[in-house]
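What follows is my_file07.cif (mmCIF, N, CA, C and O atoms).
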data_work
#
loop_
_atom_site.group_PDB
_atom_site.id
_atom_site.type_symbol
_atom_site.label_atom_id
_atom_site.label_comp_id
_atom_site.auth_asym_id
_atom_site.auth_seq_id
_atom_site.Cartn_x
_atom_site.Cartn_y
_atom_site.Cartn_z
ATOM 1 N N MET A 1 14.879 34.319 -72.308
ATOM 2 C CA MET A 1 13.611 34.966 -72.589
ATOM 3 C C MET A 1 12.482 34.206 -71.900
ATOM 4 O O MET A 1 12.511 33.000 -71.803
ATOM 5 N N ALA A 2 11.507 34.931 -71.434
ATOM 6 C CA ALA A 2 10.379 34.352 -70.703
ATOM 7 C C ALA A 2 9.528 33.455 -71.605
ATOM 8 O O ALA A 2 9.454 33.672 -72.818
ATOM 9 N N LYS A 3 8.914 32.456 -70.978
ATOM 10 C CA LYS A 3 8.000 31.560 -71.688
ATOM 11 C C LYS A 3 6.716 31.448 -70.885
ATOM 12 O O LYS A 3 6.735 31.435 -69.653
ATOM 13 N N VAL A 4 5.597 31.344 -71.586
ATOM 14 C CA VAL A 4 4.304 31.270 -70.924
ATOM 15 C C VAL A 4 4.133 29.906 -70.241
ATOM 16 O O VAL A 4 4.522 28.876 -70.777
ATOM 17 N N LEU A 5 3.599 29.935 -69.029
ATOM 18 C CA LEU A 5 3.309 28.727 -68.272
ATOM 19 C C LEU A 5 1.999 28.146 -68.803
ATOM 20 O O LEU A 5 1.019 28.881 -68.975
ATOM 21 N N PRO A 6 1.942 26.828 -69.088
ATOM 22 C CA PRO A 6 0.693 26.234 -69.589
ATOM 23 C C PRO A 6 -0.492 26.480 -68.640
ATOM 24 O O PRO A 6 -0.329 26.591 -67.419
ATOM 25 N N GLU A 7 -1.664 26.544 -69.211
ATOM 26 C CA GLU A 7 -2.894 26.878 -68.493
ATOM 27 C C GLU A 7 -3.125 26.007 -67.253
ATOM 28 O O GLU A 7 -3.521 26.510 -66.201
ATOM 29 N N GLU A 8 -2.894 24.703 -67.341
ATOM 30 C CA GLU A 8 -3.151 23.827 -66.186
ATOM 31 C C GLU A 8 -2.318 24.235 -64.973
ATOM 32 O O GLU A 8 -2.779 24.146 -63.835
ATOM 33 N N TRP A 9 -1.099 24.711 -65.206
ATOM 34 C CA TRP A 9 -0.239 25.111 -64.093
ATOM 35 C C TRP A 9 -0.593 26.503 -63.582
ATOM 36 O O TRP A 9 -0.451 26.798 -62.396
ATOM 37 N N ARG A 10 -1.105 27.359 -64.459
ATOM 38 C CA ARG A 10 -1.582 28.662 -63.997
ATOM 39 C C ARG A 10 -2.790 28.486 -63.089
ATOM 40 O O ARG A 10 -2.930 29.166 -62.079
ATOM 41 N N LYS A 11 -3.654 27.530 -63.421
ATOM 42 C CA LYS A 11 -4.814 27.228 -62.569
ATOM 43 C C LYS A 11 -4.361 26.688 -61.214
ATOM 44 O O LYS A 11 -4.961 27.005 -60.183
ATOM 45 N N LEU A 12 -3.309 25.886 -61.189
ATOM 46 C CA LEU A 12 -2.765 25.374 -59.932
ATOM 47 C C LEU A 12 -2.279 26.525 -59.056
ATOM 48 O O LEU A 12 -2.526 26.545 -57.844
ATOM 49 N N LEU A 13 -1.596 27.488 -59.656
ATOM 50 C CA LEU A 13 -1.133 28.654 -58.897
ATOM 51 C C LEU A 13 -2.306 29.428 -58.296
ATOM 52 O O LEU A 13 -2.260 29.833 -57.138
ATOM 53 N N LEU A 14 -3.376 29.603 -59.059
ATOM 54 C CA LEU A 14 -4.564 30.289 -58.546
ATOM 55 C C LEU A 14 -5.162 29.516 -57.373
ATOM 56 O O LEU A 14 -5.570 30.104 -56.371
ATOM 57 N N ALA A 15 -5.187 28.194 -57.473
ATOM 58 C CA ALA A 15 -5.721 27.350 -56.401
ATOM 59 C C ALA A 15 -4.869 27.439 -55.134
ATOM 60 O O ALA A 15 -5.370 27.199 -54.034
ATOM 61 N N HIS A 16 -3.595 27.790 -55.288
ATOM 62 C CA HIS A 16 -2.693 27.930 -54.136
ATOM 63 C C HIS A 16 -2.596 29.375 -53.649
ATOM 64 O O HIS A 16 -1.660 29.739 -52.940
ATOM 65 N N GLY A 17 -3.541 30.219 -54.069
ATOM 66 C CA GLY A 17 -3.612 31.562 -53.521
ATOM 67 C C GLY A 17 -2.985 32.667 -54.346
ATOM 68 O O GLY A 17 -2.978 33.820 -53.902
ATOM 69 N N ALA A 18 -2.458 32.361 -55.517
ATOM 70 C CA ALA A 18 -1.894 33.423 -56.362
ATOM 71 C C ALA A 18 -3.038 34.267 -56.925
ATOM 72 O O ALA A 18 -4.045 33.719 -57.364
ATOM 73 N N PRO A 19 -2.911 35.599 -56.898
ATOM 74 C CA PRO A 19 -3.951 36.426 -57.526
ATOM 75 C C PRO A 19 -3.889 36.269 -59.040
ATOM 76 O O PRO A 19 -2.917 35.749 -59.585
ATOM 77 N N LYS A 20 -4.929 36.711 -59.719
ATOM 78 C CA LYS A 20 -4.951 36.581 -61.182
ATOM 79 C C LYS A 20 -3.921 37.487 -61.850
ATOM 80 O O LYS A 20 -3.466 37.206 -62.940
ATOM 81 N N ARG A 21 -3.556 38.560 -61.172
ATOM 82 C CA ARG A 21 -2.582 39.494 -61.739
ATOM 83 C C ARG A 21 -1.564 39.874 -60.685
ATOM 84 O O ARG A 21 -1.796 39.773 -59.489
ATOM 85 N N LYS A 22 -0.434 40.346 -61.152
ATOM 86 C CA LYS A 22 0.634 40.909 -60.308
ATOM 87 C C LYS A 22 1.046 39.989 -59.158
ATOM 88 O O LYS A 22 0.857 40.315 -57.998
ATOM 89 N N TYR A 23 1.609 38.846 -59.523
ATOM 90 C CA TYR A 23 2.153 37.943 -58.513
ATOM 91 C C TYR A 23 3.477 37.381 -59.007
ATOM 92 O O TYR A 23 3.781 37.390 -60.191
ATOM 93 N N THR A 24 4.260 36.902 -58.070
ATOM 94 C CA THR A 24 5.478 36.169 -58.363
ATOM 95 C C THR A 24 5.428 34.901 -57.526
ATOM 96 O O THR A 24 5.074 34.950 -56.351
ATOM 97 N N ALA A 25 5.766 33.780 -58.128
ATOM 98 C CA ALA A 25 5.742 32.500 -57.416
ATOM 99 C C ALA A 25 7.072 31.780 -57.604
ATOM 100 O O ALA A 25 7.692 31.860 -58.667
ATOM 101 N N VAL A 26 7.478 31.095 -56.551
ATOM 102 C CA VAL A 26 8.641 30.221 -56.604
ATOM 103 C C VAL A 26 8.091 28.802 -56.549
ATOM 104 O O VAL A 26 7.313 28.468 -55.645
ATOM 105 N N CYS A 27 8.484 27.975 -57.518
ATOM 106 C CA CYS A 27 7.953 26.620 -57.621
ATOM 107 C C CYS A 27 9.078 25.616 -57.845
ATOM 108 O O CYS A 27 10.163 25.975 -58.288
ATOM 109 N N ARG A 28 8.774 24.360 -57.561
ATOM 110 C CA ARG A 28 9.674 23.260 -57.926
ATOM 111 C C ARG A 28 8.988 22.523 -59.073
ATOM 112 O O ARG A 28 7.837 22.109 -58.948
ATOM 113 N N ALA A 29 9.694 22.376 -60.175
ATOM 114 C CA ALA A 29 9.125 21.737 -61.361
ATOM 115 C C ALA A 29 9.887 20.461 -61.701
ATOM 116 O O ALA A 29 11.116 20.446 -61.680
ATOM 117 N N THR A 30 9.138 19.418 -62.000
ATOM 118 C CA THR A 30 9.715 18.176 -62.498
ATOM 119 C C THR A 30 9.343 18.066 -63.968
ATOM 120 O O THR A 30 8.162 18.174 -64.327
ATOM 121 N N LEU A 31 10.356 17.877 -64.805
ATOM 122 C CA LEU A 31 10.144 17.815 -66.248
ATOM 123 C C LEU A 31 10.174 16.377 -66.737
ATOM 124 O O LEU A 31 10.743 15.492 -66.092
ATOM 125 N N ALA A 32 9.587 16.148 -67.905
ATOM 126 C CA ALA A 32 9.702 14.849 -68.562
ATOM 127 C C ALA A 32 11.185 14.565 -68.746
ATOM 128 O O ALA A 32 11.960 15.456 -69.094
ATOM 129 N N GLY A 33 11.609 13.369 -68.455
ATOM 130 C CA GLY A 33 13.019 13.027 -68.535
ATOM 131 C C GLY A 33 13.695 13.047 -67.177
ATOM 132 O O GLY A 33 14.852 12.683 -67.043
ATOM 133 N N GLY A 34 12.990 13.566 -66.143
ATOM 134 C CA GLY A 34 13.505 13.515 -64.795
ATOM 135 C C GLY A 34 14.208 14.759 -64.278
ATOM 136 O O GLY A 34 14.565 14.828 -63.109
ATOM 137 N N ARG A 35 14.430 15.750 -65.113
ATOM 138 C CA ARG A 35 15.087 16.973 -64.643
ATOM 139 C C ARG A 35 14.193 17.692 -63.629
ATOM 140 O O ARG A 35 12.981 17.805 -63.823
ATOM 141 N N VAL A 36 14.795 18.160 -62.546
ATOM 142 C CA VAL A 36 14.068 18.909 -61.525
ATOM 143 C C VAL A 36 14.652 20.314 -61.440
ATOM 144 O O VAL A 36 15.868 20.487 -61.340
ATOM 145 N N ILE A 37 13.786 21.307 -61.489
ATOM 146 C CA ILE A 37 14.189 22.698 -61.319
ATOM 147 C C ILE A 37 13.660 23.110 -59.957
ATOM 148 O O ILE A 37 12.446 23.191 -59.746
ATOM 149 N N ASP A 38 14.562 23.354 -59.010
ATOM 150 C CA ASP A 38 14.176 23.615 -57.629
ATOM 151 C C ASP A 38 13.595 24.998 -57.393
ATOM 152 O O ASP A 38 12.804 25.184 -56.476
ATOM 153 N N GLU A 39 13.962 25.975 -58.198
ATOM 154 C CA GLU A 39 13.495 27.353 -57.995
ATOM 155 C C GLU A 39 13.048 27.970 -59.319
ATOM 156 O O GLU A 39 13.687 28.865 -59.863
ATOM 157 N N LEU A 40 11.940 27.491 -59.828
ATOM 158 C CA LEU A 40 11.356 28.045 -61.045
ATOM 159 C C LEU A 40 10.582 29.299 -60.654
ATOM 160 O O LEU A 40 9.710 29.256 -59.795
ATOM 161 N N ILE A 41 10.910 30.425 -61.271
ATOM 162 C CA ILE A 41 10.261 31.690 -60.935
ATOM 163 C C ILE A 41 9.206 32.010 -61.996
ATOM 164 O O ILE A 41 9.510 32.072 -63.186
ATOM 165 N N VAL A 42 7.971 32.185 -61.524
ATOM 166 C CA VAL A 42 6.842 32.481 -62.404
ATOM 167 C C VAL A 42 6.289 33.842 -62.009
ATOM 168 O O VAL A 42 6.024 34.098 -60.837
ATOM 169 N N GLU A 43 6.144 34.701 -62.989
ATOM 170 C CA GLU A 43 5.599 36.031 -62.749
ATOM 171 C C GLU A 43 4.421 36.258 -63.681
ATOM 172 O O GLU A 43 4.579 36.224 -64.904
ATOM 173 N N GLN A 44 3.242 36.418 -63.100
ATOM 174 C CA GLN A 44 2.019 36.692 -63.854
ATOM 175 C C GLN A 44 1.794 35.700 -64.994
ATOM 176 O O GLN A 44 1.423 36.073 -66.099
ATOM 177 N N GLY A 45 2.041 34.404 -64.731
ATOM 178 C CA GLY A 45 1.793 33.372 -65.724
ATOM 179 C C GLY A 45 2.940 33.118 -66.694
ATOM 180 O O GLY A 45 2.797 32.325 -67.616
ATOM 181 N N TRP A 46 4.081 33.761 -66.479
ATOM 182 C CA TRP A 46 5.239 33.599 -67.354
ATOM 183 C C TRP A 46 6.422 33.062 -66.556
ATOM 184 O O TRP A 46 6.707 33.554 -65.465
ATOM 185 N N ILE A 47 7.124 32.094 -67.103
ATOM 186 C CA ILE A 47 8.361 31.598 -66.495
ATOM 187 C C ILE A 47 9.435 32.621 -66.835
ATOM 188 O O ILE A 47 9.706 32.870 -68.013
ATOM 189 N N ILE A 48 10.023 33.227 -65.798
ATOM 190 C CA ILE A 48 11.006 34.282 -66.064
ATOM 191 C C ILE A 48 12.426 33.910 -65.661
ATOM 192 O O ILE A 48 13.374 34.554 -66.089
ATOM 193 N N ALA A 49 12.581 32.891 -64.784
ATOM 194 C CA ALA A 49 13.927 32.539 -64.331
ATOM 195 C C ALA A 49 13.949 31.118 -63.778
ATOM 196 O O ALA A 49 12.913 30.549 -63.441
ATOM 197 N N LEU A 50 15.154 30.573 -63.686
ATOM 198 C CA LEU A 50 15.354 29.220 -63.173
ATOM 199 C C LEU A 50 16.056 29.225 -61.827
ATOM 200 O O LEU A 50 16.630 28.227 -61.414
ATOM 201 N N GLY A 51 16.004 30.342 -61.127
ATOM 202 C CA GLY A 51 16.617 30.459 -59.811
ATOM 203 C C GLY A 51 16.230 31.776 -59.174
ATOM 204 O O GLY A 51 15.757 32.699 -59.848
ATOM 205 N N LYS A 52 16.429 31.873 -57.856
ATOM 206 C CA LYS A 52 16.012 33.066 -57.119
ATOM 207 C C LYS A 52 16.769 34.328 -57.513
ATOM 208 O O LYS A 52 16.320 35.423 -57.211
ATOM 209 N N GLU A 53 17.902 34.199 -58.196
ATOM 210 C CA GLU A 53 18.605 35.400 -58.656
ATOM 211 C C GLU A 53 17.736 36.200 -59.618
ATOM 212 O O GLU A 53 17.964 37.388 -59.824
ATOM 213 N N GLY A 54 16.709 35.574 -60.181
ATOM 214 C CA GLY A 54 15.788 36.261 -61.082
ATOM 215 C C GLY A 54 14.737 37.094 -60.377
ATOM 216 O O GLY A 54 13.891 37.707 -61.013
ATOM 217 N N LEU A 55 14.787 37.129 -59.044
ATOM 218 C CA LEU A 55 13.790 37.889 -58.291
ATOM 219 C C LEU A 55 14.135 39.358 -58.121
ATOM 220 O O LEU A 55 13.285 40.151 -57.751
ATOM 221 N N SER A 56 15.376 39.743 -58.369
ATOM 222 C CA SER A 56 15.734 41.142 -58.158
ATOM 223 C C SER A 56 16.659 41.639 -59.259
ATOM 224 O O SER A 56 17.359 40.868 -59.896
ATOM 225 N N GLY A 57 16.620 42.937 -59.441
ATOM 226 C CA GLY A 57 17.507 43.561 -60.410
ATOM 227 C C GLY A 57 17.108 43.285 -61.850
ATOM 228 O O GLY A 57 16.094 42.684 -62.136
ATOM 229 N N THR A 58 17.958 43.735 -62.738
ATOM 230 C CA THR A 58 17.754 43.513 -64.165
ATOM 231 C C THR A 58 18.577 42.313 -64.588
ATOM 232 O O THR A 58 19.750 42.209 -64.248
ATOM 233 N N PHE A 59 17.962 41.409 -65.301
ATOM 234 C CA PHE A 59 18.660 40.201 -65.733
ATOM 235 C C PHE A 59 18.020 39.686 -67.010
ATOM 236 O O PHE A 59 16.921 40.086 -67.377
ATOM 237 N N GLU A 60 18.716 38.805 -67.662
ATOM 238 C CA GLU A 60 18.169 38.109 -68.823
ATOM 239 C C GLU A 60 18.648 36.680 -68.729
ATOM 240 O O GLU A 60 19.844 36.423 -68.572
ATOM 241 N N GLN A 61 17.712 35.744 -68.775
ATOM 242 C CA GLN A 61 18.065 34.338 -68.651
ATOM 243 C C GLN A 61 17.308 33.538 -69.699
ATOM 244 O O GLN A 61 16.122 33.754 -69.910
ATOM 245 N N ARG A 62 18.001 32.628 -70.304
ATOM 246 C CA ARG A 62 17.392 31.748 -71.296
ATOM 247 C C ARG A 62 16.666 30.631 -70.570
ATOM 248 O O ARG A 62 17.231 29.966 -69.706
ATOM 249 N N ILE A 63 15.400 30.426 -70.892
ATOM 250 C CA ILE A 63 14.616 29.321 -70.348
ATOM 251 C C ILE A 63 14.831 28.153 -71.308
ATOM 252 O O ILE A 63 14.326 28.163 -72.433
ATOM 253 N N ASP A 64 15.607 27.164 -70.867
ATOM 254 C CA ASP A 64 16.120 26.128 -71.772
ATOM 255 C C ASP A 64 15.272 24.863 -71.837
ATOM 256 O O ASP A 64 15.798 23.777 -72.040
ATOM 257 N N PHE A 65 13.963 24.994 -71.676
ATOM 258 C CA PHE A 65 13.087 23.835 -71.814
ATOM 259 C C PHE A 65 11.721 24.300 -72.309
ATOM 260 O O PHE A 65 11.372 25.473 -72.207
ATOM 261 N N ASP A 66 10.957 23.364 -72.837
ATOM 262 C CA ASP A 66 9.601 23.636 -73.292
ATOM 263 C C ASP A 66 8.673 23.489 -72.084
ATOM 264 O O ASP A 66 8.640 22.424 -71.466
ATOM 265 N N PRO A 67 7.923 24.527 -71.712
ATOM 266 C CA PRO A 67 7.049 24.440 -70.546
ATOM 267 C C PRO A 67 6.035 23.303 -70.606
ATOM 268 O O PRO A 67 5.547 22.851 -69.576
ATOM 269 N N ARG A 68 5.728 22.808 -71.791
ATOM 270 C CA ARG A 68 4.808 21.673 -71.912
ATOM 271 C C ARG A 68 5.425 20.387 -71.378
ATOM 272 O O ARG A 68 4.728 19.392 -71.210
ATOM 273 N N MET A 69 6.733 20.397 -71.090
ATOM 274 C CA MET A 69 7.421 19.230 -70.536
ATOM 275 C C MET A 69 7.248 19.112 -69.023
ATOM 276 O O MET A 69 7.692 18.146 -68.416
ATOM 277 N N ILE A 70 6.598 20.085 -68.397
ATOM 278 C CA ILE A 70 6.394 20.044 -66.943
ATOM 279 C C ILE A 70 5.392 18.940 -66.606
ATOM 280 O O ILE A 70 4.257 18.949 -67.094
ATOM 281 N N LEU A 71 5.833 18.010 -65.757
ATOM 282 C CA LEU A 71 4.957 16.928 -65.316
ATOM 283 C C LEU A 71 4.376 17.204 -63.937
ATOM 284 O O LEU A 71 3.275 16.746 -63.621
ATOM 285 N N GLU A 72 5.123 17.930 -63.104
ATOM 286 C CA GLU A 72 4.677 18.228 -61.753
ATOM 287 C C GLU A 72 5.159 19.622 -61.377
ATOM 288 O O GLU A 72 6.291 19.981 -61.679
ATOM 289 N N LEU A 73 4.307 20.357 -60.693
ATOM 290 C CA LEU A 73 4.670 21.689 -60.229
ATOM 291 C C LEU A 73 4.240 21.806 -58.774
ATOM 292 O O LEU A 73 3.082 21.575 -58.447
ATOM 293 N N VAL A 74 5.196 22.125 -57.907
ATOM 294 C CA VAL A 74 4.937 22.292 -56.474
ATOM 295 C C VAL A 74 5.143 23.770 -56.163
ATOM 296 O O VAL A 74 6.220 24.306 -56.412
ATOM 297 N N VAL A 75 4.118 24.405 -55.631
ATOM 298 C CA VAL A 75 4.205 25.820 -55.286
ATOM 299 C C VAL A 75 4.892 25.946 -53.937
ATOM 300 O O VAL A 75 4.417 25.419 -52.933
ATOM 301 N N LEU A 76 6.038 26.631 -53.905
ATOM 302 C CA LEU A 76 6.789 26.822 -52.674
ATOM 303 C C LEU A 76 6.429 28.144 -51.992
ATOM 304 O O LEU A 76 6.356 28.220 -50.772
ATOM 305 N N GLN A 77 6.218 29.196 -52.802
ATOM 306 C CA GLN A 77 5.924 30.508 -52.239
ATOM 307 C C GLN A 77 5.246 31.375 -53.287
ATOM 308 O O GLN A 77 5.601 31.345 -54.465
ATOM 309 N N VAL A 78 4.257 32.158 -52.862
ATOM 310 C CA VAL A 78 3.603 33.123 -53.744
ATOM 311 C C VAL A 78 3.691 34.491 -53.079
ATOM 312 O O VAL A 78 3.376 34.638 -51.904
ATOM 313 N N VAL A 79 4.135 35.476 -53.842
ATOM 314 C CA VAL A 79 4.273 36.837 -53.314
ATOM 315 C C VAL A 79 3.410 37.762 -54.140
ATOM 316 O O VAL A 79 3.365 37.685 -55.329
#
Encoded form (structure tokens):
Amino acid sequence: MAKVLPEEWRKLLLAHGAPKRKYTAVCRATLAGGRVIDELIVEQGWIIALGKEGLSGTFEQRIDFDPRMILELVVLQVV
């Protein structure tokens, strides 16, 4: 199930050219504890997937971390 991206990271996406509405972004996220998610998919401010397979078709994926644990977010692509 999708989880909302914290406000500070939504502002980062806007600074990197994401529109306020109707966008999809691929990011690299580093979490507290050292876990790195190479393809975090964010759609309109919501984390929807942990890999690019979440970009097409119908799917359901469990987001297995608390978004407040994100220490670093690198924007790789905004569509």
- [ ] State, in Å with one decimal place, the distance from atom C of A:His16 to atom CA of A:Val78.
- [x]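 Between these atoms lies a distance of 7.2 Å.
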Open item on the list: Residue by residue, what does the PyMOL selection byres ((chain A and resi 26-34) around 8) grab here? Present the result as number ranges by chain.
Closed with: A: 23-25, 35-43, 49-52, 66-79
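For the atom pair formed by atom O of A:Met1 and atom CA of A:Ile47, the distance is 6.9 Å, given to one decimal.
Distance check against A:Leu5 using only C-alpha atoms: of A:Pro19, A:Gly45, A:Gln61, A:Leu55, the minimum falls on A:Gly45.
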Open item on the list: If I take atom N of A:Arg62 and atom CA of A:Trp46, how far is one from the other in Å, to one decimal?
Closed with: 13.1 Å
Task: Residue nearest A:Gln44 among A:Glu60, A:Pro6, A:Lys11, A:Lys20 (counting all atoms listed in the file) - done: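 Of the candidates, the smallest distance to A:Gln44 is held by A:Lys20.
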Write down as a PDB file with N, CA, C and O atoms, in the frame of the given file the residues of chain A whose backbone DSSP state falls under helix (DSSP H, G or I).
ATOM      1  N   GLU A   7      -1.664  26.544 -69.211  1.00  0.00           N
ATOM      2  CA  GLU A   7      -2.894  26.878 -68.493  1.00  0.00           C
ATOM      3  C   GLU A   7      -3.125  26.007 -67.253  1.00  0.00           C
ATOM      4  O   GLU A   7      -3.521  26.510 -66.201  1.00  0.00           O
ATOM      5  N   GLU A   8      -2.894  24.703 -67.341  1.00  0.00           N
ATOM      6  CA  GLU A   8      -3.151  23.827 -66.186  1.00  0.00           C
ATOM      7  C   GLU A   8      -2.318  24.235 -64.973  1.00  0.00           C
ATOM      8  O   GLU A   8      -2.779  24.146 -63.835  1.00  0.00           O
ATOM      9  N   TRP A   9      -1.099  24.711 -65.206  1.00  0.00           N
ATOM     10  CA  TRP A   9      -0.239  25.111 -64.093  1.00  0.00           C
ATOM     11  C   TRP A   9      -0.593  26.503 -63.582  1.00  0.00           C
ATOM     12  O   TRP A   9      -0.451  26.798 -62.396  1.00  0.00           O
ATOM     13  N   ARG A  10      -1.105  27.359 -64.459  1.00  0.00           N
ATOM     14  CA  ARG A  10      -1.582  28.662 -63.997  1.00  0.00           C
ATOM     15  C   ARG A  10      -2.790  28.486 -63.089  1.00  0.00           C
ATOM     16  O   ARG A  10      -2.930  29.166 -62.079  1.00  0.00           O
ATOM     17  N   LYS A  11      -3.654  27.530 -63.421  1.00  0.00           N
ATOM     18  CA  LYS A  11      -4.814  27.228 -62.569  1.00  0.00           C
ATOM     19  C   LYS A  11      -4.361  26.688 -61.214  1.00  0.00           C
ATOM     20  O   LYS A  11      -4.961  27.005 -60.183  1.00  0.00           O
ATOM     21  N   LEU A  12      -3.309  25.886 -61.189  1.00  0.00           N
ATOM     22  CA  LEU A  12      -2.765  25.374 -59.932  1.00  0.00           C
ATOM     23  C   LEU A  12      -2.279  26.525 -59.056  1.00  0.00           C
ATOM     24  O   LEU A  12      -2.526  26.545 -57.844  1.00  0.00           O
ATOM     25  N   LEU A  13      -1.596  27.488 -59.656  1.00  0.00           N
ATOM     26  CA  LEU A  13      -1.133  28.654 -58.897  1.00  0.00           C
ATOM     27  C   LEU A  13      -2.306  29.428 -58.296  1.00  0.00           C
ATOM     28  O   LEU A  13      -2.260  29.833 -57.138  1.00  0.00           O
ATOM     29  N   LEU A  14      -3.376  29.603 -59.059  1.00  0.00           N
ATOM     30  CA  LEU A  14      -4.564  30.289 -58.546  1.00  0.00           C
ATOM     31  C   LEU A  14      -5.162  29.516 -57.373  1.00  0.00           C
ATOM     32  O   LEU A  14      -5.570  30.104 -56.371  1.00  0.00           O
ATOM     33  N   ALA A  15      -5.187  28.194 -57.473  1.00  0.00           N
ATOM     34  CA  ALA A  15      -5.721  27.350 -56.401  1.00  0.00           C
ATOM     35  C   ALA A  15      -4.869  27.439 -55.134  1.00  0.00           C
ATOM     36  O   ALA A  15      -5.370  27.199 -54.034  1.00  0.00           O
ATOM     37  N   LYS A  52      16.429  31.873 -57.856  1.00  0.00           N
ATOM     38  CA  LYS A  52      16.012  33.066 -57.119  1.00  0.00           C
ATOM     39  C   LYS A  52      16.769  34.328 -57.513  1.00  0.00           C
ATOM     40  O   LYS A  52      16.320  35.423 -57.211  1.00  0.00           O
ATOM     41  N   GLU A  53      17.902  34.199 -58.196  1.00  0.00           N
ATOM     42  CA  GLU A  53      18.605  35.400 -58.656  1.00  0.00           C
ATOM     43  C   GLU A  53      17.736  36.200 -59.618  1.00  0.00           C
ATOM     44  O   GLU A  53      17.964  37.388 -59.824  1.00  0.00           O
ATOM     45  N   GLY A  54      16.709  35.574 -60.181  1.00  0.00           N
ATOM     46  CA  GLY A  54      15.788  36.261 -61.082  1.00  0.00           C
ATOM     47  C   GLY A  54      14.737  37.094 -60.377  1.00  0.00           C
ATOM     48  O   GLY A  54      13.891  37.707 -61.013  1.00  0.00           O
ATOM     49  N   LEU A  55      14.787  37.129 -59.044  1.00  0.00           N
ATOM     50  CA  LEU A  55      13.790  37.889 -58.291  1.00  0.00           C
ATOM     51  C   LEU A  55      14.135  39.358 -58.121  1.00  0.00           C
ATOM     52  O   LEU A  55      13.285  40.151 -57.751  1.00  0.00           O
ATOM     53  N   PRO A  67       7.923  24.527 -71.712  1.00  0.00           N
ATOM     54  CA  PRO A  67       7.049  24.440 -70.546  1.00  0.00           C
ATOM     55  C   PRO A  67       6.035  23.303 -70.606  1.00  0.00           C
ATOM     56  O   PRO A  67       5.547  22.851 -69.576  1.00  0.00           O
ATOM     57  N   ARG A  68       5.728  22.808 -71.791  1.00  0.00           N
ATOM     58  CA  ARG A  68       4.808  21.673 -71.912  1.00  0.00           C
ATOM     59  C   ARG A  68       5.425  20.387 -71.378  1.00  0.00           C
ATOM     60  O   ARG A  68       4.728  19.392 -71.210  1.00  0.00           O
ATOM     61  N   MET A  69       6.733  20.397 -71.090  1.00  0.00           N
ATOM     62  CA  MET A  69       7.421  19.230 -70.536  1.00  0.00           C
ATOM     63  C   MET A  69       7.248  19.112 -69.023  1.00  0.00           C
ATOM     64  O   MET A  69       7.692  18.146 -68.416  1.00  0.00           O
TER      65      MET A  69
END
Taking all atoms of stretch 66-69 of chain A that appear in the file, build a box with edges along x, y and z, extend it by 5 Å on every side, and state its centre and edge lengths in Å to one decimal, as JSON.
{"center_x": 7.8, "center_y": 21.3, "center_z": -70.9, "size_x": 16.2, "size_y": 16.4, "size_z": 14.9}
- [ ] Run DSSP on the backbone of this structure and report the residues of chain A it assigns to strand (DSSP E), as a count of residues only.
- [x] 31
